[in-house]
Each structure stands twice: as C-alpha cells, then as structure tokens.
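Participant: Contents of structure35.txt (compact mmCIF, C-alpha atoms (C1' of nucleotides)) are given next:
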```txt
# COMPACT_ATOMS: atom_id res chain seq x y z
CA MET A 300 197.43 132.30 87.00
CA GLY A 301 201.09 133.24 86.65
CA THR A 302 202.30 136.73 85.90
CA ARG A 303 203.34 135.84 82.37
CA GLU A 304 199.92 134.47 81.56
CA ARG A 305 198.18 137.45 83.10
CA ILE A 306 200.16 139.77 80.85
CA VAL A 307 199.36 137.80 77.70
CA GLU A 308 195.72 137.70 78.70
CA ALA A 309 195.61 141.45 79.26
CA ALA A 310 197.44 142.06 76.00
CA TYR A 311 194.88 139.94 74.22
CA ARG A 312 192.02 142.04 75.53
CA CYS A 313 193.84 145.27 74.87
CA PHE A 314 194.92 144.44 71.32
CA SER A 315 191.48 143.24 70.37
CA GLN A 316 189.91 146.47 71.54
CA LYS A 317 192.41 148.96 70.22
CA GLY A 318 194.54 147.20 67.64
CA TYR A 319 198.26 146.74 67.82
CA LEU A 320 199.26 150.38 67.56
CA GLY A 321 196.37 151.62 69.67
CA ALA A 322 197.19 149.42 72.63
CA THR A 323 199.93 150.76 74.88
CA THR A 324 202.29 148.71 76.98
CA ARG A 325 201.37 150.92 79.92
CA GLU A 326 197.72 150.00 79.70
CA ILE A 327 198.40 146.35 79.13
CA ALA A 328 200.52 146.33 82.27
CA ARG A 329 197.82 148.13 84.22
CA LEU A 330 195.19 145.69 83.00
CA ALA A 331 197.40 142.80 84.05
CA GLY A 332 197.85 144.37 87.49
CA VAL A 333 201.57 144.56 86.95
CA SER A 334 204.13 147.33 86.51
CA GLU A 335 205.32 148.21 83.04
CA VAL A 336 208.84 147.25 84.02
CA THR A 337 207.67 143.77 84.84
CA LEU A 338 206.03 143.51 81.44
CA PHE A 339 209.34 144.26 79.78
CA ARG A 340 211.11 141.81 82.03
CA TYR A 341 208.91 139.06 80.60
CA PHE A 342 208.79 140.22 76.99
CA LYS A 343 211.63 142.04 75.38
CA SER A 344 209.37 144.07 73.11
CA LYS A 345 205.76 144.88 72.37
CA ARG A 346 206.02 142.98 69.13
CA GLU A 347 207.21 139.85 70.92
CA LEU A 348 204.23 140.09 73.23
CA PHE A 349 201.95 140.48 70.25
CA GLU A 350 203.35 137.37 68.64
CA LYS A 351 202.76 135.36 71.80
CA VAL A 352 199.16 136.52 71.76
CA LEU A 353 198.76 135.43 68.13
CA LYS A 354 200.21 132.03 68.90
CA LYS A 355 198.18 131.43 72.01
CA PHE A 356 194.82 132.23 70.49
CA SER A 357 195.08 130.87 66.98
CA VAL A 358 193.92 127.36 67.79
CA ILE A 359 191.88 125.72 65.06
CA PRO A 360 188.57 124.07 66.00
CA ASP A 361 188.53 120.32 66.25
CA ILE A 362 186.28 119.32 63.40
CA GLU A 363 188.11 116.16 62.43
CA ARG A 364 186.43 114.44 65.33
CA ILE A 365 182.96 115.21 63.99
CA SER A 366 183.69 114.24 60.45
CA ALA A 367 185.03 110.93 61.74
CA GLU A 368 181.71 109.96 63.33
CA SER A 369 180.83 107.87 60.34
CA SER A 370 177.42 106.79 61.61
CA LEU A 371 175.82 110.13 60.82
CA PRO A 372 174.25 111.06 57.50
CA PRO A 373 176.25 113.70 55.63
CA GLU A 374 173.78 116.54 56.17
CA GLU A 375 173.85 115.95 59.89
CA LYS A 376 177.62 115.90 59.85
CA LEU A 377 177.71 119.09 57.89
CA ARG A 378 175.36 120.74 60.33
CA LYS A 379 177.57 119.74 63.22
CA VAL A 380 180.70 120.92 61.52
CA ALA A 381 179.06 124.23 60.66
CA LYS A 382 177.90 124.64 64.24
CA GLU A 383 181.38 123.94 65.52
CA ILE A 384 182.91 126.44 63.12
CA LEU A 385 180.44 129.15 63.98
CA LEU A 386 180.86 128.57 67.70
CA SER A 387 184.59 128.67 67.38
CA LEU A 388 184.42 131.89 65.40
CA LYS A 389 182.13 133.42 68.01
CA GLY A 390 184.43 132.36 70.80
CA LYS A 391 187.37 133.95 69.06
CA ARG A 392 185.58 137.10 68.01
CA ASN A 393 188.11 139.30 69.76
CA PHE A 394 191.01 137.45 68.31
CA ILE A 395 189.54 137.85 64.85
CA ARG A 396 189.26 141.56 65.48
CA ILE A 397 192.97 141.63 66.17
CA LEU A 398 193.65 139.78 62.95
CA LEU A 399 191.47 142.16 61.00
CA SER A 400 192.90 145.28 62.50
CA GLU A 401 196.44 144.20 61.80
CA VAL A 402 195.85 142.68 58.41
CA SER A 403 197.99 145.35 56.78
CA LEU A 404 200.77 145.22 59.35
CA TYR A 405 201.26 141.50 59.62
CA GLU A 406 200.42 140.21 56.17
CA GLU A 407 202.44 137.02 56.20
CA GLU A 408 201.70 135.90 59.74
CA ILE A 409 197.99 136.34 59.27
CA ALA A 410 197.87 134.77 55.84
CA GLU A 411 199.67 131.78 57.32
CA ILE A 412 197.28 131.38 60.21
CA TYR A 413 194.30 131.73 57.94
CA GLU A 414 195.65 129.37 55.30
CA LYS A 415 196.05 126.58 57.82
CA PHE A 416 192.53 127.20 59.02
CA ILE A 417 190.78 126.98 55.67
CA GLU A 418 192.92 124.21 54.27
CA ARG A 419 191.61 121.81 56.87
CA LEU A 420 188.07 123.07 56.53
CA ASP A 421 188.16 122.74 52.77
CA SER A 422 189.15 119.13 52.73
CA ILE A 423 186.79 118.07 55.49
CA VAL A 424 183.80 119.86 54.06
CA ALA A 425 184.59 118.58 50.57
CA GLN A 426 184.75 115.06 51.93
CA ILE A 427 181.38 115.37 53.61
CA LEU A 428 179.68 117.12 50.72
CA LYS A 429 181.42 114.79 48.28
CA THR A 430 182.02 117.72 45.96
CA ASP A 431 184.98 119.70 44.73
CA LYS A 432 187.00 121.92 47.00
CA GLU A 433 185.63 125.06 45.36
CA THR A 434 182.12 124.30 46.56
CA ALA A 435 183.48 123.41 49.96
CA ARG A 436 185.27 126.71 50.14
CA LEU A 437 182.08 128.51 49.22
CA PHE A 438 180.31 126.70 52.02
CA HIS A 439 182.54 127.90 54.76
CA SER A 440 183.15 131.26 53.13
CA SER A 441 179.43 131.72 53.48
CA LEU A 442 179.57 130.94 57.16
CA PHE A 443 182.59 133.15 57.58
CA GLY A 444 181.01 136.03 55.67
CA TYR A 445 177.83 135.74 57.69
CA PHE A 446 179.75 135.75 60.93
CA LEU A 447 181.84 138.78 59.94
CA SER A 448 178.78 140.65 58.75
CA GLU A 449 176.81 140.17 61.90
CA GLU A 450 179.29 140.00 64.71
CA ILE A 451 182.13 142.15 63.48
CA PHE A 452 180.62 144.79 61.25
CA LEU A 453 177.14 145.12 62.64
CA ARG A 454 178.22 144.28 66.20
CA ARG A 455 175.19 142.05 66.67
CA GLU A 456 175.53 138.80 68.51
CA ILE A 457 174.22 135.78 66.63
CA ASN A 458 172.02 133.91 69.08
CA GLU A 459 171.52 130.18 69.14
CA LYS A 460 168.23 130.23 67.31
CA GLU A 461 169.59 132.34 64.48
CA ALA A 462 172.68 130.19 64.26
CA LYS A 463 170.55 127.08 63.94
CA GLU A 464 168.37 128.61 61.26
CA VAL A 465 171.27 129.87 59.24
CA ILE A 466 173.06 126.55 59.45
CA ASN A 467 169.97 124.63 58.44
CA LYS A 468 169.41 126.94 55.53
CA LEU A 469 173.00 126.73 54.39
CA VAL A 470 173.08 122.98 54.61
CA GLU A 471 169.78 122.80 52.81
CA ILE A 472 171.06 125.06 50.06
CA PHE A 473 174.34 123.26 49.63
CA THR A 474 173.01 119.72 49.78
CA GLY A 475 169.63 120.37 48.21
CA CYS A 476 168.25 118.60 51.23
CA ARG A 477 165.48 119.80 53.56
CA SER A 478 165.59 120.23 57.34
CA GLU A 479 166.47 117.36 59.66
CA LYS A 480 165.54 114.36 57.51
CA ASN A 481 167.95 112.29 55.46
CA CYS A 482 167.61 112.47 51.71
CA MET B 295 193.09 167.63 40.38
CA GLY B 296 192.87 170.21 43.17
CA THR B 297 195.06 170.20 46.24
CA ARG B 298 192.24 169.14 48.48
CA GLU B 299 191.44 166.15 46.33
CA ARG B 300 195.07 165.16 46.07
CA ILE B 301 195.35 165.10 49.82
CA VAL B 302 192.24 162.97 50.26
CA GLU B 303 193.49 160.62 47.57
CA ALA B 304 196.88 160.26 49.24
CA ALA B 305 195.26 159.77 52.62
CA TYR B 306 193.12 157.03 51.14
CA ARG B 307 196.16 155.15 49.91
CA CYS B 308 198.05 155.70 53.11
CA PHE B 309 195.24 154.69 55.47
CA SER B 310 194.49 151.57 53.51
CA GLN B 311 198.09 150.45 53.68
CA LYS B 312 198.88 151.31 57.28
CA GLY B 313 195.61 151.82 59.07
CA TYR B 314 194.52 154.99 60.80
CA LEU B 315 197.16 155.08 63.50
CA GLY B 316 199.91 153.75 61.27
CA ALA B 317 199.51 156.43 58.66
CA THR B 318 201.21 159.72 59.50
CA THR B 319 200.18 163.14 58.34
CA ARG B 320 203.72 163.73 57.22
CA GLU B 321 203.65 160.82 54.83
CA ILE B 322 200.20 161.64 53.55
CA ALA B 323 201.41 165.15 52.77
CA ARG B 324 204.49 163.82 51.06
CA LEU B 325 202.43 161.41 49.01
CA ALA B 326 200.14 164.23 47.99
CA GLY B 327 203.14 166.32 46.97
CA VAL B 328 202.21 168.97 49.48
CA SER B 329 203.69 170.31 52.69
CA GLU B 330 202.32 169.12 56.00
CA VAL B 331 201.29 172.67 56.80
CA THR B 332 199.09 172.77 53.73
CA LEU B 333 197.43 169.54 54.78
CA PHE B 334 196.47 171.12 58.08
CA ARG B 335 195.25 174.24 56.31
CA TYR B 336 192.72 172.09 54.46
CA PHE B 337 191.80 169.73 57.28
CA LYS B 338 191.83 170.81 60.84
CA SER B 339 192.77 167.36 62.15
CA LYS B 340 193.82 163.91 61.05
CA ARG B 341 190.46 162.59 62.14
CA GLU B 342 188.59 165.08 59.96
CA LEU B 343 190.68 163.96 57.01
CA PHE B 344 189.90 160.35 57.81
CA GLU B 345 186.20 161.07 57.85
CA LYS B 346 186.37 162.72 54.45
CA VAL B 347 188.09 159.61 53.12
CA LEU B 348 185.36 157.40 54.54
CA LYS B 349 182.68 159.55 52.97
CA LYS B 350 184.29 159.81 49.59
CA PHE B 351 184.91 156.09 49.13
CA SER B 352 181.85 154.51 50.66
CA VAL B 353 179.76 154.61 47.49
CA ILE B 354 177.46 151.65 47.10
CA PRO B 355 177.42 149.80 43.75
CA ASP B 356 174.56 150.50 41.42
CA ILE B 357 172.71 147.23 41.41
CA GLU B 358 169.22 148.66 41.20
CA ARG B 359 169.78 149.23 37.51
CA ILE B 360 170.45 145.56 36.89
CA SER B 361 167.56 144.28 38.91
CA ALA B 362 165.27 146.64 36.96
CA GLU B 363 166.13 145.02 33.63
CA SER B 364 163.04 142.92 33.80
CA SER B 365 163.61 141.10 30.55
CA LEU B 366 166.24 138.81 32.03
CA PRO B 367 165.53 135.50 33.74
CA PRO B 368 166.18 135.63 37.49
CA GLU B 369 169.33 133.49 37.43
CA GLU B 370 170.85 135.74 34.83
CA LYS B 371 169.95 138.79 36.90
CA LEU B 372 171.44 137.22 39.97
CA ARG B 373 174.63 136.46 38.13
CA LYS B 374 174.89 140.04 36.98
CA VAL B 375 174.22 141.41 40.42
CA ALA B 376 176.79 139.07 41.92
CA LYS B 377 179.32 140.10 39.33
CA GLU B 378 178.66 143.74 40.05
CA ILE B 379 179.03 143.22 43.78
CA LEU B 380 182.25 141.28 43.43
CA LEU B 381 183.71 143.82 41.03
CA SER B 382 182.77 146.64 43.33
CA LEU B 383 184.34 144.84 46.29
CA LYS B 384 187.50 144.26 44.31
CA GLY B 385 187.63 147.88 43.24
CA LYS B 386 187.29 149.00 46.83
CA ARG B 387 189.66 146.47 48.28
CA ASN B 388 191.80 149.16 49.82
CA PHE B 389 188.87 150.94 51.28
CA ILE B 390 187.68 147.72 52.82
CA ARG B 391 191.10 147.29 54.35
CA ILE B 392 190.65 150.65 56.01
CA LEU B 393 187.27 149.63 57.34
CA LEU B 394 188.66 146.40 58.71
CA SER B 395 191.67 147.96 60.30
CA GLU B 396 189.60 150.56 62.10
CA VAL B 397 186.67 148.36 62.98
CA SER B 398 187.47 148.73 66.67
CA LEU B 399 188.12 152.46 66.56
CA TYR B 400 185.15 153.61 64.57
CA GLU B 401 182.42 151.19 65.49
CA GLU B 402 179.40 153.34 64.76
CA GLU B 403 180.60 154.94 61.54
CA ILE B 404 181.54 151.61 60.06
CA ALA B 405 178.42 149.82 61.20
CA GLU B 406 176.40 152.59 59.58
CA ILE B 407 178.21 152.38 56.25
CA TYR B 408 177.93 148.64 56.22
CA GLU B 409 174.29 148.61 57.23
CA LYS B 410 173.31 150.79 54.30
CA PHE B 411 175.26 148.55 52.01
CA ILE B 412 173.67 145.26 52.98
CA GLU B 413 170.18 146.64 53.43
CA ARG B 414 169.96 147.44 49.75
CA LEU B 415 171.59 144.20 48.74
CA ASP B 416 169.24 142.18 50.92
CA SER B 417 166.08 143.54 49.43
CA ILE B 418 167.27 143.36 45.83
CA VAL B 419 168.60 139.84 46.09
CA ALA B 420 165.49 138.72 47.96
CA GLN B 421 163.35 140.16 45.22
CA ILE B 422 165.27 138.35 42.51
CA LEU B 423 165.49 135.07 44.35
CA LYS B 424 161.89 135.43 45.48
CA THR B 425 162.86 134.15 48.89
CA ASP B 426 163.11 135.50 52.39
CA LYS B 427 165.71 138.08 53.36
CA GLU B 428 167.65 135.56 55.40
CA THR B 429 168.49 133.52 52.33
CA ALA B 430 169.32 136.68 50.45
CA ARG B 431 171.68 137.70 53.19
CA LEU B 432 173.34 134.33 53.05
CA PHE B 433 173.80 134.76 49.34
CA HIS B 434 175.77 137.94 49.54
CA SER B 435 177.46 136.97 52.79
CA SER B 436 178.85 134.10 50.80
CA LEU B 437 180.20 136.42 48.16
CA PHE B 438 181.53 138.73 50.83
CA GLY B 439 183.16 135.92 52.76
CA TYR B 440 184.74 134.54 49.63
CA PHE B 441 186.08 137.94 48.69
CA LEU B 442 187.52 138.57 52.15
CA SER B 443 189.07 135.13 52.29
CA GLU B 444 190.85 135.40 49.00
CA GLU B 445 191.68 139.03 48.53
CA ILE B 446 192.10 140.30 52.05
CA PHE B 447 193.36 137.39 54.10
CA LEU B 448 195.17 135.32 51.52
CA ARG B 449 196.18 138.34 49.44
CA ARG B 450 195.32 136.52 46.24
CA GLU B 451 193.62 138.36 43.44
CA ILE B 452 190.46 136.71 42.17
CA ASN B 453 190.79 136.63 38.39
CA GLU B 454 187.92 136.87 35.97
CA LYS B 455 187.68 133.16 35.32
CA GLU B 456 187.55 132.30 39.02
CA ALA B 457 184.99 135.02 39.61
CA LYS B 458 182.78 133.61 36.88
CA GLU B 459 183.05 130.08 38.21
CA VAL B 460 182.31 131.08 41.76
CA ILE B 461 179.35 133.17 40.71
CA ASN B 462 177.93 130.40 38.55
CA LYS B 463 178.35 127.93 41.35
CA LEU B 464 176.76 130.21 43.90
CA VAL B 465 173.81 131.01 41.67
CA GLU B 466 173.43 127.35 40.88
CA ILE B 467 173.47 126.46 44.55
CA PHE B 468 171.06 129.14 45.60
CA THR B 469 168.57 128.74 42.77
CA GLY B 470 169.01 125.02 42.27
CA CYS B 471 169.52 125.89 38.62
CA ARG B 472 172.38 124.79 36.37
CA SER B 473 174.76 127.00 34.39
CA GLU B 474 173.53 129.46 31.78
CA LYS B 475 170.16 127.97 30.88
CA ASN B 476 166.82 129.11 32.28
CA CYS B 477 165.00 126.66 34.49
C1' DT C 37 219.78 134.69 109.48
C1' DC C 38 221.32 135.21 104.78
C1' DC C 39 220.50 134.83 100.04
C1' DT C 40 217.87 134.54 96.01
C1' DT C 41 213.91 135.64 93.33
C1' DA C 42 210.12 138.38 91.78
C1' DA C 43 208.27 142.42 91.86
C1' DG C 44 207.64 147.71 92.42
C1' DT C 45 208.95 152.85 92.19
C1' DA C 46 210.88 156.78 90.25
C1' DA C 47 213.06 158.82 86.87
C1' DG C 48 214.68 159.30 82.51
C1' DT C 49 216.07 158.55 77.34
C1' DA C 50 215.30 158.86 72.72
C1' DC C 51 212.08 159.25 69.50
C1' DT C 52 207.73 160.11 67.10
C1' DT C 53 203.53 162.53 66.18
C1' DA C 54 199.76 165.77 65.52
C1' DC C 55 199.47 170.28 65.10
C1' DT C 56 201.11 175.54 65.23
C1' DT C 57 203.40 179.97 64.20
C1' DG C 58 205.79 183.42 61.56
C1' DC C 59 207.66 184.66 57.54
C1' DA C 60 209.00 184.25 52.69
C1' DT C 61 207.64 183.04 48.00
C1' DT C 62 204.96 182.22 44.04
C1' DA C 63 200.90 182.35 41.26
C1' DT C 64 196.39 184.55 40.25
C1' DT C 65 193.53 188.08 39.50
C1' DA C 66 191.73 192.67 39.30
C1' DT D 26 201.21 196.66 38.24
C1' DA D 27 199.36 196.05 42.74
C1' DA D 28 196.78 193.32 45.73
C1' DT D 29 195.28 188.83 47.17
C1' DA D 30 195.31 184.09 47.79
C1' DA D 31 197.71 179.68 48.00
C1' DT D 32 201.71 177.41 49.28
C1' DG D 33 206.38 176.32 51.17
C1' DC D 34 210.04 176.44 54.79
C1' DA D 35 212.07 176.42 59.28
C1' DA D 36 211.33 175.85 63.64
C1' DG D 37 208.97 174.66 67.49
C1' DT D 38 205.43 172.81 71.08
C1' DA D 39 203.25 169.54 73.80
C1' DA D 40 202.17 165.15 74.43
C1' DG D 41 202.75 160.40 74.08
C1' DT D 42 205.35 155.95 73.64
C1' DA D 43 208.46 152.00 73.82
C1' DC D 44 211.91 150.80 76.54
C1' DT D 45 215.87 151.39 80.24
C1' DT D 46 218.38 152.06 84.54
C1' DA D 47 219.18 152.18 89.37
C1' DC D 48 217.51 151.35 93.43
C1' DT D 49 214.19 149.39 96.86
C1' DT D 50 211.02 146.08 99.01
C1' DA D 51 208.96 141.78 100.27
C1' DA D 52 208.79 136.74 100.57
C1' DG D 53 210.57 132.03 100.83
C1' DG D 54 213.90 128.55 101.25
C1' DA D 55 218.41 126.83 103.02
```
Would it be possible to restate this file's structure as structure tokens?
Facilitator:
Amino acid sequence: MGTRERIVEAAYRCFSQKGYLGATTREIARLAGVSEVTLFRYFKSKRELFEKVLKKFSVIPDIERISAESSLPPEEKLRKVAKEILLSLKGKRNFIRILLSEVSLYEEEIAEIYEKFIERLDSIVAQILKTDKETARLFHSSLFGYFLSEEIFLRREINEKEAKEVINKLVEIFTGCRSEKNC
Amino acid sequence: MGTRERIVEAAYRCFSQKGYLGATTREIARLAGVSEVTLFRYFKSKRELFEKVLKKFSVIPDIERISAESSLPPEEKLRKVAKEILLSLKGKRNFIRILLSEVSLYEEEIAEIYEKFIERLDSIVAQILKTDKETARLFHSSLFGYFLSEEIFLRREINEKEAKEVINKLVEIFTGCRSEKNC
DNA sequence: TCCTTAAGTAAGTACTTACTTGCATTATTA
DNA sequence: TAATAATGCAAGTAAGTACTTACTTAAGGA
C-alpha cells in the first residue's frame, strides 16, 4: 500500500473515532507510520485530506443488481435488498460516524452524499414494492433508524440472526406477507 | 432568566451548531451576553457546562399519558403517540445534533440517554400494538430514521401535512389497518 | 558514480483555546 | 449609608494545533 493510501486510511480511522476537529494531523501521521511533514507533502491541508476520505468511503451499495434478478418473487427481492443495505451500513459504520459527527460542519457535502444514496434506494424499493415512493422511503428509513439505534447509539453490534429477523419482520410488515413463502 | 440559565441556553445553541469542540467558551459567553470570566465562575470547565446542557435538554416526551387514555382504539392511540414522538424529536432537533456530533466523544453518556428513551417507547408501543418488543422497536426506529433522514441529513423540515401522512402510513403498515377508521 | 526522488528530523511560526488572576465597577441588601 | 455579592475588563498563561522551512539521509536508476 502506497504512502498516500496509508495516510487516507489512517485519517479515516482517526476521523471516525474523534471527529474532524478531534483528530490531529500529528496523530494521523503517526497512525500512518509517516512523519507529519510527509502528510502535508501529500495533502495541502487537513480539510483536503478530509475530503479525500469522504470521497473514498462514500460508495453506494450495489442493489441494482439484485433488483434486476427478475426471477425472484418481490418479497425475496426485498429481503435481499434489505440485507445488502444493512450489510453495507454495518461495513461503513465508522464512515457513518464521521458523517454524523460532522453533520453541522459540512452540511452541503453530507446532504449531497446522503441524497444520492436514498434517491437510488427509493426508486428501487418502490419498484419492488410496487408502491409510492413515500412508502419506499419509510421502508429504508426503518432500516436506517434501526441500524443507527443499535450500532451507533447503543453501540451494540447487530448479529446475523437479529438482522435476519428484523428484515423478515420488516418485509412482512411492509408487504403484508409472511416469512419465506410467496403470497 | 438568571445568568446561569442564560449561559446554559447559549451553550445549547452553540454546541448544537458547532459541536463540542467547535464551540468556544468565548462565543458561548458572548451569546449569553456575559463575559467569559463569568462563564467560568459558574462552570468550572467547558465539559461541566456541556454536561449541564445534556442534562437539561434530555427530557423524554410524555407518552404515558396518551397510552393511558384507554377510551381510544389502538390505532388512534398509536397515531397520537407517533405524533408526540415526532413533535418531540422536531422540538429537540438541535439537541439531537449535539448528540450526533459527540457520539464518538461521549459514548456512555449518550448511550445512557438514548437507552432510557427507547426503553419507555418500546414497552408503550408494544402494549398498544399488542406485539413483541422487536416490532415495537421497528415502529419507532422507523419514525426515528425518517426524522433523521429528513431533518438532520437532508435539512428539510417535515411539515404538518407530511407528518400526518407518514404517521398514517406507518400506523397502517404496522397495524394492517386503513386510515382513520377502527378495524 | 552522480542524480533524482521520497522520506525524515528539528525547529519554529502564527494562531487559537480553555482557563486564571487582580482589580475596578455596579447593583443589592441590611 | 455601608457592606456584600455579582459582574466586567485587561492581561496573561500554558498548552495545543495546523502548517512551514531548511537541512539531512537513504535508495534506485542511468
């Protein structure tokens, strides 16, 4: 891994633990195993480094693929999409912490990232559920709220069993359709 | 309003806009119309002031009252509870911003505040819905997620009409019961 | 062998921040 | 009116922080 990458990686960890203001360039450099001078040779400011971190880690999960598998019944699709979303949220837990902690400092950037994210989800979920976008938004807001509650606020990891149960329940509630059978 | 209160009030506004580290004691004092020296006469440190702010604004909405009105049909109760929760979230939007922005710095304090909050909600909603606590948690996670999405991330205010629609939809989804009629 | 590139070290600059001290001033109260 | 309490002002301290400069070292390729 190149020096540049190592710095971004370290910054990512540092920002997600301490927030933008709390993280110091000195510690980021130390974590990257690099001198502070080197850090500033690669990035002209802390803010620039922060922006690189945002860009690198704000990848949106690939749910189009799932929704395209037309052979599946809608509930099954929805379950898969939900699983993918939840997994992706879990994988980016630290990144989400950064977003949350800087929500007041970087309003526009964060709103933009988030908007892209939910726009895609909205339309895909709406298509699967064959309902309006409002219901679709409620569906993934529910997932999102559940994830934030458990993993961010309560600091509890959602295990696979719980995830499955919650997803089944959500899908059941939103489709009016029980467990694994088609309706 | 006494000096002490004015300081806490100003700190509240300042913290919610800039986060704990971003807010300076100088600005808080200025906002309170008080000298910085006075601020430190009342609170021995910035952290102590922050803790007072947390305590003062972490009041939980009074939903027991609603759930006790036994005359109402459960869907109606649920709607009222949801409305109360959403209103309370909206009213404390700034406070929630503080919580979010310091989620990494004050893990235990925030987890504690949040835990109290959802524990009560869980049991009340479960009682009304007559289901398990998991479903109840999903119900208010949905509300919570929706609120965070719109008001915190997208910076859009949820107006009364939207709130009503979302609540109706949620109640409908979770009870399998349409609009304002009993089922 | 010489030159270029990537990195480190040491030191420092300019600025901010939480927090303090000493003294003067104003308002309150006895 | 005299004493007491609450506040402001000016100035300062100690520590931290982003960022810079000047110089050195090590490695690899031509």
Participant: Please check the contacts: residues of chain C at most 10 Å away from chain A, using all atoms listed in the file, listed as a PyMOL selection string.
Facilitator: chain C and resi 42-45
Participant: Once you have the residues from the selection above, write them out as an mmCIF file, in the frame of the given file, restricted to C-alpha atoms (C1' of nucleotides).
Facilitator:
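Final output, result.cif:
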```
data_model
loop_
_atom_site.group_PDB
_atom_site.id
_atom_site.type_symbol
_atom_site.label_atom_id
_atom_site.label_comp_id
_atom_site.auth_asym_id
_atom_site.auth_seq_id
_atom_site.Cartn_x
_atom_site.Cartn_y
_atom_site.Cartn_z
ATOM 1 C "C1'" DA C 42 210.120 138.380 91.780
ATOM 2 C "C1'" DA C 43 208.270 142.420 91.860
ATOM 3 C "C1'" DG C 44 207.640 147.710 92.420
ATOM 4 C "C1'" DT C 45 208.950 152.850 92.190
#
```
Participant: Rounded to one decimal place, report the atom CA of Ser310 of chain B-atom CA of Phe389 of chain B distance in Å.
Facilitator: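 These two atoms are separated by 6.1 Å.
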Participant: Sort by chain and increasing residue number a table of all residues of chain A within 9 Å of chain D, each with its closest pair of atoms and their distance in Å to one decimal, counting all atoms listed in the file, and write it as a tab-separated table.
Facilitator:
```
residue	atom	partner	partner_atom	distance
A:Thr323	CA	D:DT42	C1'	7.6
A:Thr324	CA	D:DA43	C1'	7.7
A:Arg325	CA	D:DT42	C1'	9.0
A:Val336	CA	D:DC44	C1'	8.8
A:Phe339	CA	D:DC44	C1'	7.7
A:Lys343	CA	D:DC44	C1'	8.8
A:Ser344	CA	D:DC44	C1'	8.0
A:Lys345	CA	D:DA43	C1'	7.8
```
Participant: Would you mind reading off the distance between atom CA of Leu423 of chain B and atom CA of Asp431 of chain A, one decimal, in Å?
Facilitator: 24.8 Å
Participant: What are the nearest atom pairs, with distances in Å to one decimal, for all residues of chain B that come at most 10 Å from chain A, using only C-alpha atoms, set out by chain and rising residue number as a tab-separated table?
Facilitator:
```
residue	atom	partner	partner_atom	distance
B:Phe309	CA	A:Ser403	CA	9.8
B:Ser310	CA	A:Ser403	CA	7.9
B:Gln311	CA	A:Ser403	CA	6.0
B:Lys312	CA	A:Ser403	CA	6.0
B:Gly313	CA	A:Ser403	CA	7.3
B:Tyr314	CA	A:Leu320	CA	9.5
B:Leu315	CA	A:Leu320	CA	6.6
B:Gly316	CA	A:Leu320	CA	7.2
B:Arg391	CA	A:Ser403	CA	7.6
B:Ile392	CA	A:Ser400	CA	8.7
B:Leu393	CA	A:Ser400	CA	8.8
B:Leu394	CA	A:Leu399	CA	5.6
B:Ser395	CA	A:Ser400	CA	3.7
B:Glu396	CA	A:Ser400	CA	6.2
B:Val397	CA	A:Ser400	CA	7.0
B:Ser398	CA	A:Gln316	CA	5.9
B:Leu399	CA	A:Lys317	CA	6.6
B:Glu401	CA	A:Phe452	CA	7.9
B:Glu402	CA	A:Leu453	CA	8.8
B:Ile404	CA	A:Phe452	CA	7.0
B:Ala405	CA	A:Leu453	CA	5.1
B:Glu406	CA	A:Leu453	CA	8.1
B:Ile407	CA	A:Phe452	CA	9.4
B:Tyr408	CA	A:Phe452	CA	6.9
B:Glu409	CA	A:Leu453	CA	7.0
B:Ile412	CA	A:Ser448	CA	9.0
B:Glu428	CA	A:Val465	CA	7.8
B:Thr429	CA	A:Lys468	CA	7.4
B:Arg431	CA	A:Tyr445	CA	7.9
B:Leu432	CA	A:Tyr445	CA	6.6
B:Phe433	CA	A:Ser441	CA	7.6
B:His434	CA	A:Ser441	CA	8.2
B:Ser435	CA	A:Gly444	CA	4.7
B:Ser436	CA	A:Ser441	CA	3.6
B:Leu437	CA	A:Ser441	CA	7.1
B:Phe438	CA	A:Gly444	CA	5.6
B:Gly439	CA	A:Gly444	CA	3.6
B:Tyr440	CA	A:Ser440	CA	5.1
B:Phe441	CA	A:Ser440	CA	8.5
B:Leu442	CA	A:Gly444	CA	7.8
B:Ser443	CA	A:Ser440	CA	7.1
B:Glu444	CA	A:Ser440	CA	9.7
B:Ile446	CA	A:Val402	CA	7.8
B:Phe447	CA	A:Ala410	CA	5.5
B:Leu448	CA	A:Ala410	CA	5.1
B:Arg449	CA	A:Ala410	CA	7.5
B:Glu456	CA	A:Glu433	CA	9.8
B:Glu459	CA	A:Glu433	CA	9.1
B:Val460	CA	A:Glu433	CA	7.8
B:Lys463	CA	A:Thr434	CA	7.4
B:Leu464	CA	A:Leu437	CA	7.7
B:Glu466	CA	A:Phe473	CA	9.7
B:Ile467	CA	A:Phe473	CA	6.1
B:Phe468	CA	A:Ile472	CA	6.0
B:Thr469	CA	A:Ile472	CA	8.5
B:Gly470	CA	A:Gly475	CA	7.6
```
